[in-house]
file entry09.cif (mmCIF, C-alpha atoms)
data_work
loop_
_atom_site.label_atom_id
_atom_site.label_comp_id
_atom_site.auth_asym_id
_atom_site.auth_seq_id
_atom_site.Cartn_x
_atom_site.Cartn_y
_atom_site.Cartn_z
CA MET A 1 -38.29 -31.39 31.91
CA LEU A 2 -37.54 -35.04 32.73
CA GLU A 3 -38.64 -34.55 36.35
CA ILE A 4 -41.93 -33.04 35.21
CA GLN A 5 -42.54 -36.05 32.98
CA ASP A 6 -41.77 -38.42 35.85
CA LYS A 7 -44.10 -36.54 38.20
CA ALA A 8 -46.84 -36.54 35.59
CA LEU A 9 -46.57 -40.33 35.31
CA LEU A 10 -46.63 -40.78 39.11
CA PHE A 11 -49.60 -38.44 39.44
CA ILE A 12 -51.56 -40.33 36.80
CA CYS A 13 -50.87 -43.65 38.56
CA SER A 14 -51.79 -42.28 42.01
CA PHE A 15 -54.81 -40.45 40.64
CA ALA A 16 -56.11 -43.64 38.96
CA LEU A 17 -55.73 -45.58 42.24
CA TYR A 18 -57.37 -42.74 44.16
CA MET A 19 -60.40 -42.61 41.86
CA LEU A 20 -60.87 -46.37 42.13
CA GLU A 21 -60.54 -46.65 45.89
CA ILE A 22 -61.68 -43.36 47.41
CA GLU A 23 -65.17 -41.89 47.47
CA GLY A 24 -66.64 -38.99 49.38
CA ASP A 25 -67.79 -35.39 49.23
CA TYR A 26 -64.34 -34.03 49.99
CA ALA A 27 -62.33 -36.36 47.74
CA ILE A 28 -60.95 -33.39 45.80
CA ILE A 29 -59.06 -32.02 48.82
CA PRO A 30 -56.19 -34.61 48.86
CA ILE A 31 -55.73 -34.08 45.12
CA ILE A 32 -55.42 -30.31 45.56
CA ILE A 33 -52.97 -30.75 48.46
CA ALA A 34 -50.81 -33.17 46.45
CA VAL A 35 -50.75 -30.91 43.40
CA PHE A 36 -49.92 -27.89 45.60
CA PHE A 37 -46.93 -29.55 47.29
CA THR A 38 -45.50 -31.13 44.14
CA SER A 39 -45.80 -27.74 42.40
CA LEU A 40 -43.85 -26.10 45.24
CA ASN A 41 -41.14 -28.74 44.93
CA THR A 42 -40.93 -28.17 41.19
CA TYR A 43 -40.74 -24.39 41.53
CA PHE A 44 -38.18 -24.22 44.37
CA ASP A 45 -34.91 -25.92 43.48
CA ASN A 46 -33.71 -26.10 47.06
CA ARG A 47 -33.16 -29.46 48.72
CA LYS A 48 -33.86 -28.20 52.25
CA LEU A 49 -37.18 -26.74 51.14
CA LYS A 50 -38.05 -29.99 49.39
CA LEU A 51 -37.35 -31.84 52.65
CA ALA A 52 -39.50 -29.38 54.60
CA PHE A 53 -42.41 -29.79 52.14
CA PHE A 54 -42.05 -33.58 52.40
CA LEU A 55 -42.26 -33.52 56.21
CA ILE A 56 -45.26 -31.19 56.09
CA TYR A 57 -46.98 -33.55 53.65
CA ILE A 58 -46.30 -36.48 56.02
CA ALA A 59 -48.20 -34.50 58.67
CA CYS A 60 -51.02 -33.91 56.18
CA CYS A 61 -51.22 -37.67 55.63
CA GLN A 62 -51.77 -38.07 59.37
CA LEU A 63 -54.53 -35.47 59.38
CA ILE A 64 -56.06 -36.54 56.04
CA PRO A 65 -55.29 -40.26 55.50
CA ASP A 66 -56.36 -40.19 51.84
CA CYS A 67 -53.31 -37.98 51.06
CA TYR A 68 -51.19 -41.11 51.55
CA ILE A 69 -52.08 -42.33 48.07
CA PHE A 70 -50.20 -39.37 46.56
CA LEU A 71 -47.18 -39.73 48.87
CA PRO A 72 -45.00 -41.42 46.15
CA LEU A 73 -45.37 -38.21 44.11
CA ILE A 74 -44.03 -36.10 47.00
CA MET A 75 -41.36 -38.63 47.96
CA TYR A 76 -39.95 -38.46 44.42
CA ASP A 77 -38.47 -35.00 45.13
CA ILE A 78 -36.21 -36.17 47.98
CA ALA A 79 -35.30 -39.59 46.59
CA LEU A 80 -31.56 -40.27 46.15
CA TYR A 81 -30.55 -37.06 47.95
CA ASP A 82 -28.15 -36.81 50.92
CA TYR A 83 -31.02 -37.16 53.40
CA GLN A 84 -32.84 -39.90 51.51
CA ILE A 85 -32.91 -41.95 54.74
CA LEU A 86 -35.81 -39.71 55.71
CA ALA A 87 -37.77 -41.30 52.89
CA SER A 88 -38.37 -44.16 55.34
CA LEU A 89 -40.89 -41.82 57.03
CA THR A 90 -43.30 -42.78 54.23
CA VAL A 91 -44.25 -45.86 56.26
CA LEU A 92 -45.27 -43.71 59.27
CA PRO A 93 -48.73 -42.73 57.99
CA LEU A 94 -49.31 -46.36 56.99
CA PHE A 95 -48.69 -47.66 60.52
CA LEU A 96 -50.60 -44.86 62.21
CA ASN A 97 -53.62 -45.16 59.90
CA PHE A 98 -53.38 -48.79 58.90
CA HIS A 99 -57.10 -49.33 59.41
CA GLU A 100 -57.87 -46.61 56.83
CA TYR A 101 -56.35 -48.46 53.88
CA ASN A 102 -57.30 -51.67 52.12
CA MET A 103 -54.81 -54.15 50.68
CA SER A 104 -55.06 -52.70 47.12
CA ILE A 105 -53.94 -49.24 48.29
CA ILE A 106 -51.05 -50.72 50.31
CA VAL A 107 -49.80 -52.94 47.46
CA PHE A 108 -50.17 -50.39 44.70
CA ASN A 109 -48.62 -47.61 46.79
CA PHE A 110 -45.66 -49.89 47.49
CA VAL A 111 -45.28 -50.39 43.72
CA PHE A 112 -45.56 -46.63 43.15
CA PHE A 113 -42.82 -45.96 45.75
CA ILE A 114 -40.51 -48.31 43.86
CA LEU A 115 -41.52 -46.65 40.59
CA ALA A 116 -40.71 -43.20 42.05
CA TRP A 117 -37.22 -44.36 43.08
CA ALA A 118 -36.62 -45.96 39.70
CA LEU A 119 -37.78 -42.88 37.82
CA LYS A 120 -35.63 -40.59 39.98
CA TYR A 121 -32.58 -42.80 39.46
CA LYS A 122 -33.18 -42.84 35.70
CA THR A 123 -33.60 -39.05 35.58
CA ILE A 124 -30.50 -38.31 37.67
CA SER A 125 -28.42 -40.70 35.54
CA THR A 126 -29.74 -39.14 32.32
CA ILE A 127 -29.00 -35.60 33.55
CA ARG A 128 -25.50 -36.62 34.62
CA LEU A 129 -24.80 -38.28 31.28
CA GLN A 130 -26.18 -35.23 29.43
CA ARG A 131 -23.95 -32.93 31.48
CA GLU A 132 -20.89 -35.10 30.84
CA TYR A 133 -21.76 -35.20 27.15
CA ASN A 134 -22.07 -31.41 27.02
CA GLU A 135 -18.76 -30.97 28.82
CA LEU A 136 -17.08 -33.44 26.46
CA ARG A 137 -18.64 -31.71 23.44
CA ASP A 138 -17.51 -28.28 24.66
CA THR A 139 -14.02 -29.57 25.39
CA THR A 140 -13.82 -31.25 21.98
CA LYS A 141 -15.05 -28.10 20.26
CA GLU A 142 -12.56 -25.96 22.16
CA MET A 143 -9.72 -28.32 21.24
CA SER A 144 -10.91 -28.28 17.62
CA ILE A 145 -10.89 -24.47 17.58
CA LEU A 146 -7.42 -24.38 19.14
CA GLN A 147 -6.19 -26.90 16.58
CA GLU A 148 -7.65 -24.85 13.74
CA GLN A 149 -6.00 -21.72 15.10
CA LYS A 150 -2.71 -23.59 15.41
CA ASN A 151 -2.99 -24.91 11.84
CA GLN A 152 -3.87 -21.43 10.59
CA SER A 153 -0.87 -19.99 12.40
CA ILE A 154 1.38 -22.65 10.86
CA LEU A 155 0.01 -21.90 7.38
CA GLU A 156 0.48 -18.16 7.89
CA ASN A 157 4.06 -18.70 9.06
CA GLN A 158 4.71 -20.94 6.06
CA ASP A 159 3.31 -18.31 3.71
CA TYR A 160 5.40 -15.66 5.42
CA GLU A 161 8.58 -17.72 5.15
CA ILE A 162 7.89 -18.61 1.50
CA ASN A 163 7.15 -15.00 0.62
CA LEU A 164 10.26 -13.80 2.43
CA ALA A 165 12.43 -16.45 0.75
CA THR A 166 10.98 -15.54 -2.66
CA LEU A 167 11.68 -11.85 -2.14
CA ASN A 168 15.22 -12.53 -0.91
CA GLU A 169 15.90 -14.77 -3.91
CA ARG A 170 14.54 -12.14 -6.29
CA ASN A 171 16.74 -9.53 -4.65
CA ARG A 172 19.78 -11.83 -4.93
CA ILE A 173 19.12 -12.48 -8.62
CA SER A 174 18.78 -8.76 -9.35
CA LYS A 175 22.08 -8.07 -7.60
CA GLU A 176 23.84 -10.85 -9.51
CA ILE A 177 22.51 -9.54 -12.83
CA HIS A 178 23.64 -6.04 -11.91
CA ASP A 179 27.09 -7.13 -10.76
CA ASN A 180 27.84 -9.64 -13.54
CA ILE A 181 25.92 -8.90 -16.74
CA GLY A 182 25.87 -5.16 -16.05
CA HIS A 183 29.64 -5.04 -15.70
CA LEU A 184 30.15 -7.17 -18.80
CA LEU A 185 27.95 -4.89 -20.90
CA SER A 186 29.63 -1.78 -19.48
CA ARG A 187 33.04 -3.18 -20.38
CA SER A 188 31.78 -4.07 -23.86
CA LEU A 189 30.60 -0.49 -24.38
CA LEU A 190 34.01 0.85 -23.35
CA GLN A 191 35.77 -1.51 -25.77
CA ILE A 192 33.45 -0.52 -28.62
CA GLY A 193 34.08 3.13 -27.81
CA ALA A 194 37.82 2.50 -27.98
CA LEU A 195 37.45 0.70 -31.35
CA LEU A 196 35.45 3.62 -32.70
CA LYS A 197 38.30 5.95 -31.81
CA ILE A 198 40.96 3.95 -33.65
CA SER A 199 38.86 2.66 -36.56
CA LYS A 200 39.49 4.36 -39.96
CA GLU A 201 37.05 2.47 -42.14
CA GLU A 202 33.65 4.06 -42.41
CA THR A 203 31.82 0.75 -42.82
CA ILE A 204 33.33 -0.67 -39.63
CA THR A 205 32.67 2.57 -37.78
CA GLU A 206 28.99 2.55 -38.71
CA GLY A 207 28.67 -1.09 -37.66
CA LEU A 208 30.36 -0.43 -34.34
CA ALA A 209 28.11 2.60 -33.74
CA LEU A 210 24.99 0.51 -34.38
CA LEU A 211 26.33 -2.22 -32.08
CA LYS A 212 27.03 0.34 -29.37
CA GLU A 213 23.49 1.69 -29.64
CA SER A 214 22.01 -1.83 -29.38
CA ILE A 215 24.12 -2.71 -26.35
CA SER A 216 23.27 0.64 -24.73
CA ALA A 217 19.56 0.00 -25.30
CA GLY A 218 19.94 -3.51 -23.86
CA MET A 219 21.86 -2.05 -20.93
CA ASP A 220 19.06 0.41 -20.22
CA SER A 221 16.46 -2.34 -20.48
CA ILE A 222 18.37 -4.58 -18.07
CA ARG A 223 18.90 -1.68 -15.67
CA ASN A 224 15.15 -0.90 -15.65
CA SER A 225 14.30 -4.57 -15.15
CA ILE A 226 16.76 -4.81 -12.26
CA HIS A 227 15.34 -1.72 -10.62
CA ASN A 228 11.77 -3.03 -11.03
CA MET A 229 12.76 -6.42 -9.67
CA HIS A 230 14.52 -4.83 -6.72
CA ASP A 231 11.55 -2.55 -5.99
CA GLU A 232 9.17 -5.50 -6.08
CA SER A 233 11.43 -7.48 -3.78
CA ILE A 234 10.81 -4.91 -1.03
CA ASP A 235 7.47 -6.11 0.31
CA LEU A 236 6.24 -3.52 2.80
CA TYR A 237 4.06 -5.90 4.80
CA THR A 238 6.82 -8.51 5.08
CA GLN A 239 9.46 -5.98 6.06
CA ILE A 240 7.29 -4.37 8.76
CA GLU A 241 6.15 -7.75 10.05
CA THR A 242 9.80 -8.72 10.43
CA VAL A 243 10.43 -5.54 12.43
CA VAL A 244 7.38 -6.25 14.59
CA LYS A 245 8.43 -9.84 15.28
CA GLU A 246 11.88 -8.65 16.35
CA PHE A 247 10.30 -6.19 18.84
CA THR A 248 10.26 -8.06 22.16
CA TYR A 249 10.10 -5.15 24.59
CA CYS A 250 6.34 -5.61 25.15
CA ASN A 251 3.21 -6.90 23.43
CA ILE A 252 2.71 -5.46 19.95
CA ASN A 253 -0.18 -5.69 17.48
CA PHE A 254 0.16 -5.00 13.77
CA GLU A 255 -2.65 -4.16 11.34
CA TYR A 256 -2.02 -3.75 7.60
CA ASP A 257 -4.71 -2.54 5.21
CA PHE A 258 -2.90 -1.36 2.06
CA LYS A 259 -4.52 -2.38 -1.22
CA SER A 260 -2.08 -0.59 -3.53
CA THR A 261 1.72 -0.59 -3.45
CA PRO A 262 3.47 2.62 -2.35
CA ASP A 263 6.55 3.95 -4.10
CA ILE A 264 9.83 2.28 -3.08
CA LYS A 265 11.05 5.44 -1.33
CA LEU A 266 7.81 5.70 0.62
CA LYS A 267 8.15 2.04 1.60
CA TYR A 268 11.55 2.78 3.10
CA THR A 269 10.10 5.88 4.78
CA PHE A 270 7.37 3.88 6.53
CA ILE A 271 9.86 1.20 7.59
CA ALA A 272 12.30 3.79 8.95
CA ILE A 273 9.58 5.65 10.87
CA ILE A 274 8.32 2.45 12.49
CA LYS A 275 11.85 1.40 13.46
CA GLU A 276 12.53 4.83 14.94
CA ALA A 277 9.26 4.88 16.87
CA LEU A 278 9.77 1.39 18.31
CA SER A 279 13.32 2.31 19.27
CA ASN A 280 12.02 5.35 21.15
CA ILE A 281 9.48 3.19 22.97
CA MET A 282 12.22 0.83 24.16
CA LYS A 283 14.40 3.74 25.31
CA HIS A 284 11.88 6.07 26.92
CA SER A 285 8.53 4.31 27.51
CA ASN A 286 7.14 2.02 30.19
CA ALA A 287 4.45 0.77 27.80
CA THR A 288 3.08 -2.77 28.02
CA LYS A 289 1.24 -2.68 24.69
CA VAL A 290 2.03 -1.14 21.30
CA MET A 291 -0.19 -0.83 18.22
CA VAL A 292 1.13 -0.30 14.67
CA THR A 293 -1.57 0.38 12.06
CA LEU A 294 -1.21 1.02 8.32
CA ARG A 295 -4.38 1.98 6.46
CA GLU A 296 -5.07 3.12 2.93
CA HIS A 297 -7.71 5.74 2.16
CA PRO A 298 -8.83 7.01 -1.25
CA ALA A 299 -6.50 10.03 -1.12
CA MET A 300 -3.83 9.13 1.42
CA PHE A 301 -1.79 6.55 3.28
CA GLN A 302 -2.11 6.51 7.05
CA LEU A 303 0.32 5.28 9.72
CA ILE A 304 -0.59 5.17 13.42
CA ILE A 305 1.83 4.09 16.15
CA SER A 306 0.50 4.16 19.70
CA ASP A 307 1.35 2.75 23.12
CA ASN A 308 -0.17 2.79 26.60
CA GLY A 309 2.88 4.17 28.36
CA THR A 310 2.65 6.78 31.11
CA MET A 311 4.94 9.67 31.96
CA ASP A 312 5.24 12.23 34.72
CA ILE A 313 4.69 15.96 34.24
CA ASN A 314 8.40 16.75 33.77
CA LYS A 315 8.84 14.20 31.00
CA LYS A 316 5.66 15.41 29.34
CA GLU A 317 6.89 19.03 29.38
CA ILE A 318 10.23 17.98 27.87
CA LEU A 319 8.47 16.00 25.17
CA ASN A 320 6.20 18.95 24.37
CA LYS A 321 9.27 21.16 23.91
CA ILE A 322 10.82 18.54 21.63
CA ILE A 323 7.63 18.42 19.56
CA GLN A 324 7.68 22.23 19.33
CA ASN A 325 11.36 22.13 18.18
CA GLN A 326 12.54 23.95 21.33
CA LEU A 327 14.90 21.09 22.21
CA TYR A 328 15.96 20.03 18.75
CA HIS A 329 19.09 18.04 19.60
CA GLU A 330 17.36 16.08 22.38
CA GLY A 331 14.57 15.04 20.05
CA MET A 332 16.47 13.92 16.97
CA GLY A 333 14.35 10.79 16.66
CA LEU A 334 11.06 12.65 16.47
CA GLN A 335 12.63 15.31 14.27
CA ASN A 336 13.82 12.66 11.81
CA ILE A 337 10.30 11.25 11.66
CA THR A 338 8.84 14.72 11.13
CA ASP A 339 11.36 15.56 8.38
CA ARG A 340 10.57 12.35 6.53
CA VAL A 341 6.83 13.05 6.66
CA LYS A 342 7.23 16.69 5.58
CA SER A 343 9.29 15.63 2.57
CA TYR A 344 6.13 13.99 1.25
CA HIS A 345 3.95 16.99 2.15
CA GLY A 346 2.38 14.81 4.82
CA ASN A 347 0.98 15.65 8.24
CA ILE A 348 2.12 14.35 11.62
CA ASN A 349 0.27 14.74 14.90
CA ILE A 350 1.58 13.59 18.28
CA ASN A 351 -0.86 12.99 21.12
CA LEU A 352 0.29 12.56 24.73
CA ASN A 353 -3.13 11.78 26.23
CA ASN A 354 -3.79 8.16 27.24
CA GLY A 355 -0.31 7.04 26.27
CA PHE A 356 1.74 8.18 23.29
CA GLN A 357 0.40 8.29 19.73
CA ILE A 358 1.97 9.28 16.40
CA PHE A 359 -0.62 9.91 13.69
CA ILE A 360 0.83 10.28 10.16
CA THR A 361 -0.87 10.85 6.81
CA ILE A 362 0.87 10.91 3.40
CA PRO A 363 -1.08 12.20 0.36
CA LYS A 364 -1.10 9.75 -2.52
CA GLU A 365 -0.43 12.54 -5.01
CA TYR A 366 3.07 12.89 -3.54
CA ASN A 367 3.68 9.14 -3.42
CA LYS A 368 5.93 9.10 -6.51
CA SER A 369 6.96 12.73 -6.70
CA ASN A 370 10.06 12.36 -4.53
#
call {"tool": "encode", "arguments": {"input": "entry09.cif", "output": "structure tokens"}}
result
Amino acid sequence: MLEIQDKALLFICSFALYMLEIEGDYAIIPIIIAVFFTSLNTYFDNRKLKLAFFLIYIACCQLIPDCYIFLPLIMYDIALYDYQILASLTVLPLFLNFHEYNMSIIVFNFVFFILAWALKYKTISTIRLQREYNELRDTTKEMSILQEQKNQSILENQDYEINLATLNERNRISKEIHDNIGHLLSRSLLQIGALLKISKEETITEGLALLKESISAGMDSIRNSIHNMHDESIDLYTQIETVVKEFTYCNINFEYDFKSTPDIKLKYTFIAIIKEALSNIMKHSNATKVMVTLREHPAMFQLIISDNGTMDINKKEILNKIIQNQLYHEGMGLQNITDRVKSYHGNININLNNGFQIFITIPKEYNKSN
């Protein structure tokens, strides 16, 4: 765009000089030739072609001397290139046809040559600065994106650590309540029971019975609270993410899309299945990538564990027999996974095409029935 603007300015200057100095029936011909060659130079972005067009135009200036007035426009395309020394050929038509030009054409054309060089230098410098600016902007933007990703990763790790510490502390508190207060209340109930056995006064016996009932109710309430606290302290996402982070055999991706919270037993089931599957991958697979996906659907929970490992025909036949329970003792890992899924009336499908995939679904209606 800048080069077109520069050429337009040079053409206007040369055209004004041409209209003032040149007259004749064929005055339009040099204008057409100049426009034709400068258009070719604009269309073809090839320096060798630009040089060839320049040399041809020099020859045209020899044949048609009036073309010399538009030579600064053609010279613009080769200015400041590797072969810019050839720009000195612009003086050749002047020497060969010196008698054809008056002093005004010579002086103004000299000024236009300088203008062409200055415009080309300005345009090249502007393009270079624009390119450097774009590279700097792209580099800055890339660094900004990387910094944002790094900050996001730090925040996610902080949230993970805080959540894990909170859950561990909640679990510790529940255990302390169970071990200390629970034992104290249990011992108090035993002592009250002993007093009821030896007490003879009806008033004291009734009081002790009421006290025993109150402590028993408090004991049940504490026990329920402890169980609820312990269940809540088992965060499925955190536990599985810990397992995934500890898996260093190959690259692993983890996707979690549970909106509701499964029953505590089902949480342990999912964790155990994932641990078993990853253990089998380390023992038997040559996979370079593993994918663990947990999704929730309106009527079921879904677990998918897949890898890109390959196996020969013999291994595939053995694995098929294990899946079909024909080699039970050799496939205890898969059998354990299958038994866990069946206990929830779930379905398990194993696919050996394009790697190894375990596809598990657990109906929500059996989530809390076990």
call {"tool": "closest_residue", "arguments": {"input": "entry09.cif", "among": "A:Phe37, A:Tyr43, A:Tyr344, A:Phe95", "to": "A:Leu55", "atoms": "only C-alpha atoms"}}
result
A:Phe37
call {"tool": "axis_aligned_box", "arguments": {"input": "entry09.cif", "around": "stretch 139-144 of chain A", "padding_each_side": "4 Å", "output": "JSON"}}
result
{"center_x": -12.4, "center_y": -28.6, "center_z": 21.5, "size_x": 13.3, "size_y": 13.3, "size_z": 15.8}
call {"tool": "closest_residue", "arguments": {"input": "entry09.cif", "among": "A:Ala8, A:Ile350, A:Met219, A:Leu20", "to": "A:Ala116", "atoms": "all atoms listed in the file"}}
result
A:Ala8
call {"tool": "residues_around", "arguments": {"input": "entry09.cif", "residues": "stretch 123-132 of chain A", "least_positions_apart": "3", "cutoff": "10 Å", "atoms": "all atoms listed in the file", "output": "list in words"}}
result
Met1, Leu2, Glu3, Gln5, Asp6, Leu80, Trp117, Ala118, Leu119, Lys120, Glu135, Leu136, Arg137 and Asp138 of chain A
call {"tool": "atom_distance", "arguments": {"input": "entry09.cif", "atom1": "atom CA of A:Thr293", "atom2": "atom CA of A:Ile360"}}
result
10.4 Å
call {"tool": "closest_residue", "arguments": {"input": "entry09.cif", "among": "A:Leu63, A:Ile271, A:Asp77, A:Val292", "to": "A:Lys48", "atoms": "all atoms listed in the file"}}
result
A:Asp77
call {"tool": "closest_residue", "arguments": {"input": "entry09.cif", "among": "A:Ser260, A:Ser188, A:Asn349, A:Thr361", "to": "A:Leu334", "atoms": "all atoms listed in the file"}}
result
A:Asn349
call {"tool": "closest_residue", "arguments": {"input": "entry09.cif", "among": "A:Arg295, A:Lys150, A:Lys267, A:His183", "to": "A:Ile240", "atoms": "all atoms listed in the file"}}
result
A:Lys267
call {"tool": "residues_around", "arguments": {"input": "entry09.cif", "residues": "A:Tyr26", "least_positions_apart": "5", "cutoff": "12 Å", "atoms": "all atoms listed in the file", "output": "mmCIF file with C-alpha atoms, in the coordinates of the input"}}
result
data_model
loop_
_atom_site.group_PDB
_atom_site.id
_atom_site.type_symbol
_atom_site.label_atom_id
_atom_site.label_comp_id
_atom_site.auth_asym_id
_atom_site.auth_seq_id
_atom_site.Cartn_x
_atom_site.Cartn_y
_atom_site.Cartn_z
ATOM 1 C CA ILE A 31 -55.730 -34.080 45.120
ATOM 2 C CA ILE A 32 -55.420 -30.310 45.560
ATOM 3 C CA ILE A 33 -52.970 -30.750 48.460
ATOM 4 C CA ILE A 64 -56.060 -36.540 56.040
ATOM 5 C CA ASP A 66 -56.360 -40.190 51.840
ATOM 6 C CA CYS A 67 -53.310 -37.980 51.060
#
call {"tool": "atom_distance", "arguments": {"input": "entry09.cif", "atom1": "atom CA of A:Ala217", "atom2": "atom CA of A:Ile198"}}
result
23.3 Å
call {"tool": "atom_distance", "arguments": {"input": "entry09.cif", "atom1": "atom CA of A:Val243", "atom2": "atom CA of A:Gln302"}}
result
18.2 Å
call {"tool": "resolve_selection", "arguments": {"input": "entry09.cif", "expression": "the PyMOL selection byres ((chain A and resi 309) around 8)", "output": "PyMOL selection string"}}
result
chain A and resi 285-289+307-308+310-311+354-356
call {"tool": "residues_near_point", "arguments": {"input": "entry09.cif", "point": "(-52.2, -31.3, 47.1)", "cutoff": "12 Å", "atoms": "only C-alpha atoms", "output": "ChimeraX atom specification"}}
result
/A:11,15,27-41,53-54,56-58,60-61,64,66-71,73-74
call {"tool": "write_last_selection", "arguments": {"input": "entry09.cif", "atoms": "C-alpha atoms", "output": "short mmCIF file (atom, residue, chain, number, x, y, z; two decimals), keeping the file's coordinate frame"}}
result
data_model
loop_
_atom_site.label_atom_id
_atom_site.label_comp_id
_atom_site.auth_asym_id
_atom_site.auth_seq_id
_atom_site.Cartn_x
_atom_site.Cartn_y
_atom_site.Cartn_z
CA PHE A 11 -49.60 -38.44 39.44
CA PHE A 15 -54.81 -40.45 40.64
CA ALA A 27 -62.33 -36.36 47.74
CA ILE A 28 -60.95 -33.39 45.80
CA ILE A 29 -59.06 -32.02 48.82
CA PRO A 30 -56.19 -34.61 48.86
CA ILE A 31 -55.73 -34.08 45.12
CA ILE A 32 -55.42 -30.31 45.56
CA ILE A 33 -52.97 -30.75 48.46
CA ALA A 34 -50.81 -33.17 46.45
CA VAL A 35 -50.75 -30.91 43.40
CA PHE A 36 -49.92 -27.89 45.60
CA PHE A 37 -46.93 -29.55 47.29
CA THR A 38 -45.50 -31.13 44.14
CA SER A 39 -45.80 -27.74 42.40
CA LEU A 40 -43.85 -26.10 45.24
CA ASN A 41 -41.14 -28.74 44.93
CA PHE A 53 -42.41 -29.79 52.14
CA PHE A 54 -42.05 -33.58 52.40
CA ILE A 56 -45.26 -31.19 56.09
CA TYR A 57 -46.98 -33.55 53.65
CA ILE A 58 -46.30 -36.48 56.02
CA CYS A 60 -51.02 -33.91 56.18
CA CYS A 61 -51.22 -37.67 55.63
CA ILE A 64 -56.06 -36.54 56.04
CA ASP A 66 -56.36 -40.19 51.84
CA CYS A 67 -53.31 -37.98 51.06
CA TYR A 68 -51.19 -41.11 51.55
CA ILE A 69 -52.08 -42.33 48.07
CA PHE A 70 -50.20 -39.37 46.56
CA LEU A 71 -47.18 -39.73 48.87
CA LEU A 73 -45.37 -38.21 44.11
CA ILE A 74 -44.03 -36.10 47.00
#
call {"tool": "closest_residue", "arguments": {"input": "entry09.cif", "among": "A:Phe44, A:Phe359, A:Tyr256, A:Tyr18", "to": "A:Ala277", "atoms": "all atoms listed in the file"}}
result
A:Phe359
call {"tool": "decode", "arguments": {"input": "entry09.cif", "residues": "stretch 208-219 of chain A", "atoms": "N, CA, C and O atoms", "output": "PDB file, in the first residue's frame"}}
result
ATOM      1  N   LEU A 208     -31.076 -41.990  86.489  1.00  0.00           N
ATOM      2  CA  LEU A 208     -29.967 -42.584  85.727  1.00  0.00           C
ATOM      3  C   LEU A 208     -30.443 -43.083  84.360  1.00  0.00           C
ATOM      4  O   LEU A 208     -29.708 -42.983  83.358  1.00  0.00           O
ATOM      5  N   ALA A 209     -31.670 -43.624  84.309  1.00  0.00           N
ATOM      6  CA  ALA A 209     -32.200 -44.107  83.026  1.00  0.00           C
ATOM      7  C   ALA A 209     -32.368 -42.952  82.030  1.00  0.00           C
ATOM      8  O   ALA A 209     -32.037 -43.072  80.848  1.00  0.00           O
ATOM      9  N   LEU A 210     -32.913 -41.825  82.545  1.00  0.00           N
ATOM     10  CA  LEU A 210     -33.063 -40.651  81.678  1.00  0.00           C
ATOM     11  C   LEU A 210     -31.698 -40.128  81.198  1.00  0.00           C
ATOM     12  O   LEU A 210     -31.519 -39.736  80.041  1.00  0.00           O
ATOM     13  N   LEU A 211     -30.730 -40.137  82.116  1.00  0.00           N
ATOM     14  CA  LEU A 211     -29.377 -39.682  81.767  1.00  0.00           C
ATOM     15  C   LEU A 211     -28.758 -40.598  80.714  1.00  0.00           C
ATOM     16  O   LEU A 211     -28.114 -40.134  79.758  1.00  0.00           O
ATOM     17  N   LYS A 212     -28.998 -41.893  80.876  1.00  0.00           N
ATOM     18  CA  LYS A 212     -28.457 -42.849  79.900  1.00  0.00           C
ATOM     19  C   LYS A 212     -29.064 -42.632  78.519  1.00  0.00           C
ATOM     20  O   LYS A 212     -28.361 -42.681  77.495  1.00  0.00           O
ATOM     21  N   GLU A 213     -30.383 -42.366  78.495  1.00  0.00           N
ATOM     22  CA  GLU A 213     -31.039 -42.108  77.218  1.00  0.00           C
ATOM     23  C   GLU A 213     -30.499 -40.838  76.556  1.00  0.00           C
ATOM     24  O   GLU A 213     -30.278 -40.799  75.334  1.00  0.00           O
ATOM     25  N   SER A 214     -30.266 -39.797  77.338  1.00  0.00           N
ATOM     26  CA  SER A 214     -29.744 -38.537  76.797  1.00  0.00           C
ATOM     27  C   SER A 214     -28.349 -38.730  76.229  1.00  0.00           C
ATOM     28  O   SER A 214     -28.022 -38.237  75.125  1.00  0.00           O
ATOM     29  N   ILE A 215     -27.503 -39.444  76.994  1.00  0.00           N
ATOM     30  CA  ILE A 215     -26.128 -39.671  76.520  1.00  0.00           C
ATOM     31  C   ILE A 215     -26.132 -40.559  75.283  1.00  0.00           C
ATOM     32  O   ILE A 215     -25.355 -40.341  74.345  1.00  0.00           O
ATOM     33  N   SER A 216     -27.047 -41.547  75.262  1.00  0.00           N
ATOM     34  CA  SER A 216     -27.131 -42.427  74.087  1.00  0.00           C
ATOM     35  C   SER A 216     -27.560 -41.633  72.856  1.00  0.00           C
ATOM     36  O   SER A 216     -27.014 -41.820  71.754  1.00  0.00           O
ATOM     37  N   ALA A 217     -28.553 -40.722  73.057  1.00  0.00           N
ATOM     38  CA  ALA A 217     -28.979 -39.886  71.934  1.00  0.00           C
ATOM     39  C   ALA A 217     -27.848 -38.975  71.463  1.00  0.00           C
ATOM     40  O   ALA A 217     -27.624 -38.787  70.256  1.00  0.00           O
ATOM     41  N   GLY A 218     -27.110 -38.400  72.431  1.00  0.00           N
ATOM     42  CA  GLY A 218     -25.960 -37.570  72.064  1.00  0.00           C
ATOM     43  C   GLY A 218     -24.892 -38.375  71.351  1.00  0.00           C
ATOM     44  O   GLY A 218     -24.262 -37.893  70.403  1.00  0.00           O
ATOM     45  N   MET A 219     -24.704 -39.617  71.822  1.00  0.00           N
ATOM     46  CA  MET A 219     -23.720 -40.504  71.194  1.00  0.00           C
ATOM     47  C   MET A 219     -24.094 -40.785  69.744  1.00  0.00           C
ATOM     48  O   MET A 219     -23.242 -40.737  68.841  1.00  0.00           O
TER      49      MET A 219
END
